[in-house]
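Dropping work-v8.txt in here (compact mmCIF, C-alpha atoms and all ligand atoms):
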# COMPACT_ATOMS: atom_id res chain seq x y z
CA MET O 1 12.58 4.95 31.17
CA SER O 2 10.61 2.44 29.12
CA ALA O 3 6.87 3.00 28.75
CA ILE O 4 6.07 -0.71 28.80
CA VAL O 5 8.11 -3.64 30.05
CA THR O 6 6.71 -7.15 30.27
CA SER O 7 8.59 -10.25 31.34
CA GLY O 8 7.27 -13.76 31.01
CA LEU O 9 3.77 -12.30 30.85
CA SER O 10 1.29 -15.15 30.44
CA LYS O 11 -2.44 -15.66 30.61
CA THR O 12 -4.24 -18.97 30.71
CA TYR O 13 -8.02 -18.99 30.77
CA LYS O 14 -9.47 -21.85 32.74
CA SER O 15 -13.14 -22.60 32.83
CA LEU O 16 -14.84 -25.51 34.51
CA GLY O 17 -15.12 -28.62 32.37
CA LYS O 18 -13.08 -27.09 29.56
CA ALA O 19 -9.45 -27.40 28.62
CA PRO O 20 -7.35 -24.35 29.55
CA VAL O 21 -6.68 -21.81 26.83
CA HIS O 22 -3.15 -20.42 26.73
CA SER O 23 -3.99 -17.02 25.30
CA LEU O 24 -0.61 -15.44 25.98
CA ARG O 25 2.64 -17.24 26.58
CA ASP O 26 5.85 -15.80 28.01
CA LEU O 27 5.69 -12.35 26.51
CA ASP O 28 8.93 -10.37 26.91
CA LEU O 29 8.48 -6.95 25.45
CA THR O 30 9.85 -3.44 25.88
CA VAL O 31 8.29 -0.35 24.38
CA ASP O 32 10.27 2.86 24.62
CA GLU O 33 8.87 6.19 25.61
CA ASN O 34 7.49 8.20 22.69
CA GLU O 35 7.44 5.14 20.44
CA VAL O 36 4.59 4.08 18.15
CA PHE O 37 4.46 0.31 18.55
CA GLY O 38 2.26 -1.90 16.36
CA PHE O 39 1.05 -5.18 17.83
CA LEU O 40 0.10 -7.51 15.03
CA GLY O 41 -1.66 -10.81 14.90
CA ARG O 42 -4.60 -12.66 13.43
CA ASN O 43 -7.89 -12.95 15.23
CA GLY O 44 -7.42 -15.03 18.34
CA ALA O 45 -3.65 -14.46 18.50
CA GLY O 46 -3.87 -12.91 21.97
CA LYS O 47 -3.71 -9.17 21.25
CA THR O 48 -6.72 -8.18 23.33
CA THR O 49 -5.58 -10.47 26.14
CA THR O 50 -2.22 -8.64 26.21
CA ILE O 51 -3.93 -5.26 26.20
CA LYS O 52 -6.26 -6.27 29.03
CA LEU O 53 -3.23 -7.38 31.03
CA LEU O 54 -1.46 -4.08 30.37
CA THR O 55 -4.48 -2.04 31.37
CA GLY O 56 -5.04 -4.11 34.52
CA LEU O 57 -8.46 -5.39 33.42
CA ILE O 58 -7.26 -8.95 33.96
CA HIS O 59 -4.40 -10.37 35.98
CA PRO O 60 -1.57 -12.48 34.61
CA THR O 61 -1.34 -16.20 35.31
CA ALA O 62 2.44 -15.77 35.33
CA GLY O 63 4.99 -13.05 34.68
CA ARG O 64 4.56 -9.34 35.12
CA ALA O 65 4.15 -6.05 33.33
CA GLN O 66 5.15 -2.52 34.21
CA LEU O 67 4.08 0.84 32.83
CA PHE O 68 6.70 3.52 33.42
CA GLY O 69 8.13 1.32 36.12
CA VAL O 70 4.82 0.75 37.92
CA ASP O 71 3.47 -2.79 38.13
CA THR O 72 0.15 -3.16 36.28
CA LEU O 73 -1.33 -4.79 39.38
CA LEU O 74 -1.16 -1.39 41.12
CA PRO O 75 -3.88 1.22 40.54
CA ASP O 76 -1.21 3.86 39.89
CA ALA O 77 -0.32 2.12 36.63
CA ARG O 78 -3.80 2.94 35.34
CA ARG O 79 -3.14 6.65 35.70
CA MET O 80 -0.51 6.43 32.97
CA VAL O 81 -2.85 4.92 30.39
CA GLY O 82 -5.50 6.14 28.04
CA TYR O 83 -7.31 3.06 26.77
CA MET O 84 -9.50 2.55 23.75
CA PRO O 85 -11.18 -0.88 23.78
CA GLU O 86 -11.80 -2.97 20.68
CA GLN O 87 -15.50 -2.13 20.80
CA PRO O 88 -15.86 1.15 22.66
CA TYR O 89 -19.08 1.25 24.63
CA PHE O 90 -20.86 4.55 25.13
CA TYR O 91 -23.88 5.83 26.93
CA GLU O 92 -25.92 6.33 23.80
CA TYR O 93 -27.97 9.22 25.17
CA LEU O 94 -24.95 11.28 26.13
CA THR O 95 -23.26 13.70 23.75
CA PRO O 96 -19.48 13.67 23.12
CA LYS O 97 -19.14 16.67 25.41
CA GLU O 98 -21.02 14.96 28.22
CA THR O 99 -19.03 11.78 27.64
CA ILE O 100 -15.72 13.62 28.04
CA GLU O 101 -17.14 15.32 31.14
CA PHE O 102 -18.14 11.92 32.54
CA TYR O 103 -14.70 10.40 32.01
CA GLY O 104 -13.09 13.56 33.36
CA ARG O 105 -14.98 13.04 36.61
CA LEU O 106 -13.95 9.39 36.69
CA ARG O 107 -10.35 10.50 36.28
CA GLY O 108 -10.81 12.88 39.20
CA LEU O 109 -10.27 16.06 37.21
CA THR O 110 -11.42 19.39 38.67
CA VAL O 111 -14.10 21.50 36.97
CA ALA O 112 -11.42 23.72 35.42
CA GLU O 113 -9.40 20.71 34.27
CA ARG O 114 -12.48 19.10 32.73
CA GLN O 115 -13.27 22.32 30.90
CA GLN O 116 -9.70 22.48 29.62
CA ALA O 117 -9.75 18.80 28.65
CA TRP O 118 -12.84 19.36 26.52
CA GLU O 119 -11.32 22.45 24.86
CA GLN O 120 -8.15 20.60 23.94
CA ILE O 121 -9.65 17.28 22.96
CA SER O 122 -12.53 18.67 20.92
CA GLU O 123 -10.09 20.87 19.04
CA LEU O 124 -7.68 18.03 18.42
CA LEU O 125 -10.32 15.56 17.29
CA ASP O 126 -12.56 18.01 15.53
CA LEU O 127 -15.51 17.26 17.81
CA ARG O 128 -16.96 20.77 17.97
CA ASP O 129 -19.58 20.21 15.27
CA ILE O 130 -20.92 17.10 16.95
CA ALA O 131 -20.37 18.26 20.53
CA ASP O 132 -24.04 18.32 21.48
CA ARG O 133 -25.42 15.49 19.39
CA ARG O 134 -26.34 12.20 21.02
CA ILE O 135 -23.89 9.40 20.30
CA ARG O 136 -26.86 7.16 19.45
CA GLY O 137 -26.98 8.34 15.85
CA PHE O 138 -23.22 8.29 15.24
CA SER O 139 -21.47 6.43 12.43
CA LYS O 140 -18.64 3.99 13.19
CA GLY O 141 -16.06 6.62 12.27
CA MET O 142 -17.58 9.21 14.61
CA ARG O 143 -17.78 6.65 17.42
CA GLN O 144 -14.16 5.75 16.93
CA ARG O 145 -13.26 9.43 17.21
CA VAL O 146 -15.16 9.70 20.48
CA GLY O 147 -13.43 6.52 21.68
CA PHE O 148 -10.08 8.09 20.92
CA ALA O 149 -11.16 11.26 22.70
CA VAL O 150 -12.01 9.27 25.83
CA ALA O 151 -8.52 7.77 25.81
CA LEU O 152 -7.06 11.29 25.88
CA VAL O 153 -8.94 12.45 28.98
CA GLY O 154 -6.49 13.26 31.75
CA ASP O 155 -3.61 13.62 29.29
CA PRO O 156 -2.00 10.22 30.01
CA PRO O 157 1.50 9.63 28.63
CA LEU O 158 0.64 6.19 27.21
CA LEU O 159 -2.18 5.36 24.80
CA ILE O 160 -3.21 1.74 24.42
CA LEU O 161 -5.57 1.24 21.51
CA ASP O 162 -7.15 -2.10 20.65
CA GLU O 163 -7.71 -2.34 16.88
CA PRO O 164 -8.40 1.39 16.54
CA MET O 165 -8.79 1.19 12.75
CA SER O 166 -10.95 -1.89 12.56
CA GLY O 167 -14.27 -1.47 10.78
CA LEU O 168 -13.36 1.94 9.38
CA ASP O 169 -13.35 3.01 5.75
CA PRO O 170 -10.08 4.26 4.21
CA LEU O 171 -10.75 7.84 5.27
CA GLY O 172 -11.51 6.76 8.82
CA ARG O 173 -8.34 4.66 8.94
CA ARG O 174 -6.32 7.61 7.76
CA MET O 175 -7.91 9.81 10.42
CA ILE O 176 -6.81 7.39 13.15
CA ARG O 177 -3.32 7.06 11.66
CA GLU O 178 -2.93 10.82 11.60
CA LEU O 179 -4.19 11.08 15.18
CA ILE O 180 -1.65 8.52 16.33
CA LEU O 181 1.17 10.43 14.68
CA LYS O 182 -0.12 13.69 16.11
CA MET O 183 -0.07 12.20 19.59
CA ARG O 184 3.44 10.87 19.04
CA ASP O 185 4.53 14.37 18.07
CA ARG O 186 3.12 15.52 21.40
CA GLY O 187 5.41 13.12 23.20
CA LYS O 188 2.98 10.26 23.83
CA THR O 189 3.78 6.58 23.62
CA ILE O 190 1.28 4.64 21.54
CA PHE O 191 0.77 0.90 21.68
CA PHE O 192 -1.90 -0.34 19.31
CA SER O 193 -3.03 -3.65 17.92
CA SER O 194 -4.12 -4.45 14.41
CA HIS O 195 -4.56 -7.30 12.00
CA VAL O 196 -4.28 -4.91 9.07
CA LEU O 197 -0.68 -4.69 8.04
CA SER O 198 -0.77 -1.59 5.91
CA ASP O 199 -1.95 0.47 8.90
CA VAL O 200 1.03 -0.65 10.90
CA GLU O 201 3.56 -0.45 8.09
CA GLU O 202 2.92 3.25 7.59
CA ILE O 203 3.18 4.60 11.09
CA CYS O 204 5.16 2.22 13.30
CA ALA O 205 8.89 2.14 13.71
CA ARG O 206 8.70 -1.21 15.49
CA VAL O 207 6.20 -4.03 15.41
CA GLY O 208 5.60 -7.21 17.33
CA ILE O 209 3.91 -10.17 15.68
CA LEU O 210 1.90 -12.49 17.85
CA VAL O 211 1.15 -16.01 16.63
CA SER O 212 -1.03 -18.22 18.83
CA GLY O 213 -0.13 -16.36 22.00
CA LYS O 214 3.62 -16.32 21.27
CA LEU O 215 5.64 -13.34 20.16
CA ALA O 216 7.01 -14.67 16.88
CA ALA O 217 8.93 -11.54 15.88
CA CYS O 218 9.61 -8.10 17.27
CA ASP O 219 11.80 -5.54 15.59
CA ARG O 220 11.98 -2.50 13.37
CA ILE O 221 10.01 -3.08 10.19
CA THR O 222 13.12 -2.48 8.08
CA ALA O 223 14.96 -5.16 10.04
CA LEU O 224 12.12 -7.67 9.72
CA VAL O 225 11.70 -7.35 6.00
CA GLY O 226 15.45 -7.08 5.43
CA ASP O 227 17.47 -5.56 2.63
CA VAL O 228 17.65 -8.66 0.49
CA PRO O 229 15.17 -8.48 -2.38
CA LYS O 230 12.73 -11.38 -2.62
CA SER O 231 12.98 -11.26 -6.42
CA VAL O 232 14.30 -9.15 -9.27
CA GLU O 233 12.17 -7.98 -12.16
CA VAL O 234 13.87 -7.53 -15.52
CA CYS O 235 12.22 -5.74 -18.44
CA ALA O 236 13.61 -5.91 -21.97
CA THR O 237 12.58 -5.36 -25.60
CA GLY O 238 13.65 -6.85 -28.91
CA LEU O 239 13.32 -10.47 -27.79
CA THR O 240 11.69 -13.21 -29.82
CA ALA O 241 9.00 -15.41 -28.30
CA GLU O 242 11.27 -18.45 -28.89
CA PHE O 243 14.13 -16.86 -27.01
CA VAL O 244 11.89 -16.02 -24.04
CA ALA O 245 10.33 -19.50 -24.02
CA GLY O 246 13.78 -21.07 -24.24
CA LEU O 247 15.20 -19.31 -21.17
CA GLY O 248 16.26 -21.60 -18.34
CA ASP O 249 14.30 -22.53 -15.21
CA TYR O 250 16.03 -19.78 -13.26
CA VAL O 251 13.51 -17.42 -14.85
CA LEU O 252 10.58 -17.76 -12.44
CA ALA O 253 8.00 -15.83 -14.44
CA ARG O 254 7.81 -14.43 -17.95
CA GLU O 255 5.19 -12.35 -19.67
CA GLU O 256 4.69 -10.00 -22.58
CA ARG O 257 4.06 -6.45 -21.49
CA LYS O 258 1.11 -4.50 -22.88
CA GLU O 259 3.40 -1.59 -23.61
CA GLY O 260 5.75 -3.86 -25.58
CA GLY O 261 8.72 -6.06 -24.66
CA HIS O 262 8.89 -8.68 -21.93
CA ARG O 263 8.81 -8.77 -18.15
CA LEU O 264 10.91 -11.52 -16.58
CA VAL O 265 11.29 -12.38 -12.91
CA VAL O 266 14.32 -14.06 -11.36
CA GLU O 267 15.22 -14.89 -7.78
CA ASN O 268 18.20 -12.64 -7.06
CA THR O 269 20.66 -10.13 -8.49
CA GLU O 270 23.12 -12.79 -9.68
CA ALA O 271 20.38 -14.41 -11.74
CA ALA O 272 19.37 -10.98 -13.02
CA ASN O 273 22.93 -10.40 -14.24
CA GLN O 274 23.01 -13.75 -15.98
CA LEU O 275 19.72 -12.90 -17.67
CA ALA O 276 20.99 -9.46 -18.72
CA THR O 277 23.97 -11.12 -20.42
CA GLU O 278 21.72 -13.57 -22.28
CA ILE O 279 19.45 -10.73 -23.38
CA SER O 280 22.28 -8.67 -24.76
CA ARG O 281 23.78 -11.73 -26.57
CA ALA O 282 20.40 -12.28 -28.23
CA GLY O 283 20.40 -8.66 -29.43
CA GLY O 284 17.71 -7.51 -27.03
CA MET O 285 17.71 -4.30 -25.08
CA LEU O 286 17.49 -4.10 -21.31
CA LEU O 287 14.89 -1.55 -20.15
CA SER O 288 14.99 -1.95 -16.39
CA LEU O 289 16.19 -4.15 -13.56
CA HIS O 290 14.13 -3.77 -10.44
CA PRO O 291 14.67 -5.53 -7.10
CA VAL O 292 11.34 -6.33 -5.38
CA GLN O 293 11.51 -5.98 -1.59
CA GLU O 294 9.60 -8.23 0.74
CA SER O 295 6.66 -6.33 2.21
CA LEU O 296 5.62 -6.64 5.82
CA GLU O 297 2.68 -8.62 4.52
CA ASP O 298 5.00 -11.16 2.87
CA PHE O 299 6.88 -11.41 6.14
CA PHE O 300 3.67 -11.75 8.14
CA THR O 301 2.49 -14.58 5.91
CA ARG O 302 5.87 -16.30 6.05
CA ILE O 303 6.04 -16.16 9.83
CA GLN O 304 2.49 -17.50 10.23
CA GLU O 305 3.32 -20.48 8.08
CA GLY O 306 6.68 -21.07 9.71
CA THR O 307 5.48 -21.07 13.31
CA GLN O 308 4.21 -24.37 14.59
CA ILE O 309 1.42 -24.23 17.12
CA SER O 310 2.79 -26.24 20.00
CA LEU O 311 0.07 -26.25 22.59
CA PRO O 312 -0.02 -28.94 25.23
CA GLU O 313 -2.17 -31.84 24.01
CA GLU O 314 -5.07 -31.19 26.34
CA ALA O 315 -5.29 -27.52 25.41
CA GLN O 316 -5.67 -28.03 21.70
CA PRO O 317 -9.37 -28.74 21.23
CA ALA O 318 -10.43 -25.62 23.15
CA ALA O 319 -7.89 -23.44 21.41
CA LEU O 320 -9.02 -24.70 18.02
CA ALA O 321 -12.65 -24.23 18.89
CA ALA O 322 -11.92 -20.70 20.06
CA ALA O 323 -10.02 -19.94 16.88
CA GLU O 324 -12.97 -21.06 14.79
CA GLU O 325 -15.43 -18.79 16.57
N1 LIG O 401 -12.42 -14.79 28.84
C1 LIG O 401 -11.91 -15.76 28.08
N2 LIG O 401 -12.10 -17.06 28.39
C2 LIG O 401 -11.57 -18.04 27.63
N3 LIG O 401 -10.85 -17.83 26.52
C3 LIG O 401 -10.63 -16.57 26.13
C4 LIG O 401 -11.15 -15.46 26.89
N4 LIG O 401 -10.78 -14.31 26.27
C5 LIG O 401 -10.06 -14.69 25.18
N5 LIG O 401 -9.96 -16.03 25.10
C6 LIG O 401 -9.26 -16.80 24.07
O1 LIG O 401 -7.90 -16.35 24.05
C7 LIG O 401 -7.40 -16.35 22.73
C8 LIG O 401 -6.88 -14.97 22.40
O2 LIG O 401 -7.95 -14.07 22.32
P1 LIG O 401 -7.76 -12.53 22.11
O3 LIG O 401 -6.74 -12.03 23.06
O4 LIG O 401 -9.10 -11.89 22.16
O5 LIG O 401 -7.16 -12.46 20.63
P2 LIG O 401 -7.08 -11.25 19.57
O6 LIG O 401 -7.42 -9.99 20.30
O7 LIG O 401 -5.69 -11.31 19.06
O8 LIG O 401 -8.08 -11.57 18.50
C9 LIG O 401 -8.53 -16.81 21.84
O9 LIG O 401 -8.36 -18.18 21.60
C10 LIG O 401 -9.76 -16.52 22.68
O10 LIG O 401 -10.82 -17.36 22.33
MG MG O 402 -8.83 -8.56 19.88
Turn this file's structure into C-alpha cells for me.
Amino acid sequence: MSAIVTSGLSKTYKSLGKAPVHSLRDLDLTVDENEVFGFLGRNGAGKTTTIKLLTGLIHPTAGRAQLFGVDTLLPDARRMVGYMPEQPYFYEYLTPKETIEFYGRLRGLTVAERQQAWEQISELLDLRDIADRRIRGFSKGMRQRVGFAVALVGDPPLLILDEPMSGLDPLGRRMIRELILKMRDRGKTIFFSSHVLSDVEEICARVGILVSGKLAACDRITALVGDVPKSVEVCATGLTAEFVAGLGDYVLAREERKEGGHRLVVENTEAANQLATEISRAGGMLLSLHPVQESLEDFFTRIQEGTQISLPEEAQPAALAAAEE
C-alpha cells in the first residue's frame, strides 16, 4: 500500500478584498511505503501548504489525499503521522522529557507506553543529557532534535517534516539526515520538504519539485538529472598558447592549469573526440577526458527558469506580493 496518495489536491486561499492565492494546484503524487521522499521548492512554492493538507491542518479546496488509504479529512489519518512543523513551538518551561510525556498523553498512550516512548526516543535522539533541562535555553539544533522527537511519539509509520534542516549548521543538518536514514531503516516512510538541494540529493531516492504551486517534476534523482553529461572537460599538456587560442568555437571554455597544461571544456563526447584528435595532431598529450554530470541543482535551476507562472490574471498581484514577503 502507498503511504501517501494525492489526486488533484488543490488549495486556494481566499481572503476578503484580496485576490485568491492558488497555493497548490492539482497535485497528483504517490509516495511508497518505506520511501524517503524529498519535496523541493523555493520559498512560497506551496510546500507548507501541501504538508498542512496532508496532516489535516487545513482542508483542500479541491482534490483529495490519503495516508495509508485513509482520507486526510478523517481523524484516523492523523494517527499514521508524526509531524514536525517548519517552526516547532514548545512550552519553553518544559523539559524534553516532559514534552515527550505531554505529547504521549495527547496521543493517548498509557503510562507504560509513555515510559517506553521516552526510553526509545531519548536513546535514539541522544536526549538523555538534556532530559531535564528547560527548552528555553536550547540552541536551534537542540530544538530541532526535540521537534523530531515529538514527531516520533506514538511510533507512527509516516513522518512528515517541514524543512527539518532549515536554520541548522552543517553538523545539525547531518544529524537530521542521519536521523531520517535511521528512521527509514526502521521501516518508516519519510516525507520532508526543503529548499536546500544538497540535503535532498544525499538521502532521497525520489524527489518532487514544486514551482508556484505546481509539481514541475517528480522522479528518481538519477532519472531527473539523466545520464547525458552537460559538458566534457579535457585536460592536455604540450600545447602552445596560439594553438589553444586558435581552437574553434566548439571549445566553450579554455584555461591554463596551475599544475601545468590546459583545461578545455566542450559540450559533448563527440566534440571531446574532435578536440582529442586536434590535440594529438598538434603534438600535445591528452591527460584526461572527464564528462561533467548535471547536478540536481543544475536541474532545479533549469526547471525554475523553464516553468512559466500561469496564474489567472486576477490572482497575480496577490501571488506576487506574497512571494515578495
Ligand atoms: N493562510 C494563508 N493565506 C493566504 N495565503 C497563504 C496562506 N498560507 C500560505 N499562503 C501563500 O501560499 C503560497 C505558498 O506558501 P507556502 O505553502 O507556505 O510555501 P512554502 O512552504 O513552499 O514556502 C505563498 O504565496 C503564501 O504566501
Ligand atoms: Mg514552508
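The space separating CA of Phe90 (chain O) from CA of Gln116 (chain O) comes to 21.6 Å.
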Which residues sit within 7 Å of ligand LIG 401 (chain O), counting only C-alpha atoms and all ligand atoms, listed as JSON, numbers by chain?
{"O": [13, 14, 21, 22, 23, 41, 42, 43, 44, 45, 46, 47, 48, 49, 50, 213, 319, 322, 323]}
Between CA of Thr55 (chain O) and CA of Leu224 (chain O) lies a distance of 27.9 Å
Could you tell me which of O:Pro75, O:Asp28, O:Phe39, O:Lys258 comes closest to Gly56 (chain O) if we count all atoms listed in the file?
O:Pro75
Using all atoms listed in the file, determine which residues lie at most 12 Å from region 197-200 of chain O, disregarding the query and same-chain residues fewer than 3 positions distant; provide the list as a count of residues only.
43
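Among the candidates O:Leu264, O:Leu152, O:Ile51, O:Ala271, the one nearest to ligand MG 402 (chain O) when counting all atoms listed in the file is O:Ile51.
Shortest atom-to-atom contact with ligand MG 402 (chain O) among O:Leu9, O:Tyr103, O:Phe138, O:His195: O:His195, counting all atoms listed in the file.
Rounded to one decimal, CA of Arg64 (chain O) and CA of Leu16 (chain O) lie 25.3 Å from each other.
Distances from O:Ser7, O:Gln87, O:Asn268, O:Ser15 to Ser231 (chain O) were compared using all atoms listed in the file, and the smallest one belongs to O:Asn268.
If only C-alpha atoms are the atoms counted, then among O:Ala276, O:Glu113, O:Glu35, O:Leu171 the closest residue to Leu247 (chain O) is O:Ala276.
Among the candidates O:Leu161, O:Val150, O:Leu179, O:Val225, the residue lying nearest to ligand MG 402 (chain O) is O:Leu161 (atoms considered: only C-alpha atoms and all ligand atoms).
Residues in contact range of Ala117 (chain O), defined as at most 10 Å between all atoms listed in the file, with sequence neighbours fewer than 2 positions away removed, read Ile100, Glu101, Gly104, Leu109, Val111, Ala112, Glu113, Arg114, Gln115, Glu119, Gln120, Ile121, Ser122, Glu123, Ala149, Leu152, Val153, Gly154 and Asp155 of chain O.
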Spatial neighbours of Arg25 (chain O), 6 Å, all atoms listed in the file, chain gap at least 2 places, as a ChimeraX atom specification
/O:10,27,213-214
Just the residues within 10 Å of Leu73 (chain O), please, counting all atoms listed in the file, with nothing from its chain fewer than 6 positions along; format it as a list of chain:residue names.
O:Leu53, O:Leu54, O:Thr55, O:Gly56, O:Leu57, O:Ile58, O:His59, O:Pro60, O:Arg64, O:Ala65, O:Gln66
Using the file's own x, y and z axes, so that the box edges lie along x, y and z, what centre and edge lengths in Å (one decimal) does a box around every listed atom of region 234-244 of chain O get when 5 Å is added on each side? Give it as lines of an AutoDock Vina configuration file.
center_x = 11.6
center_y = -11.9
center_z = -22.7
size_x = 15.1
size_y = 23.1
size_z = 24.3
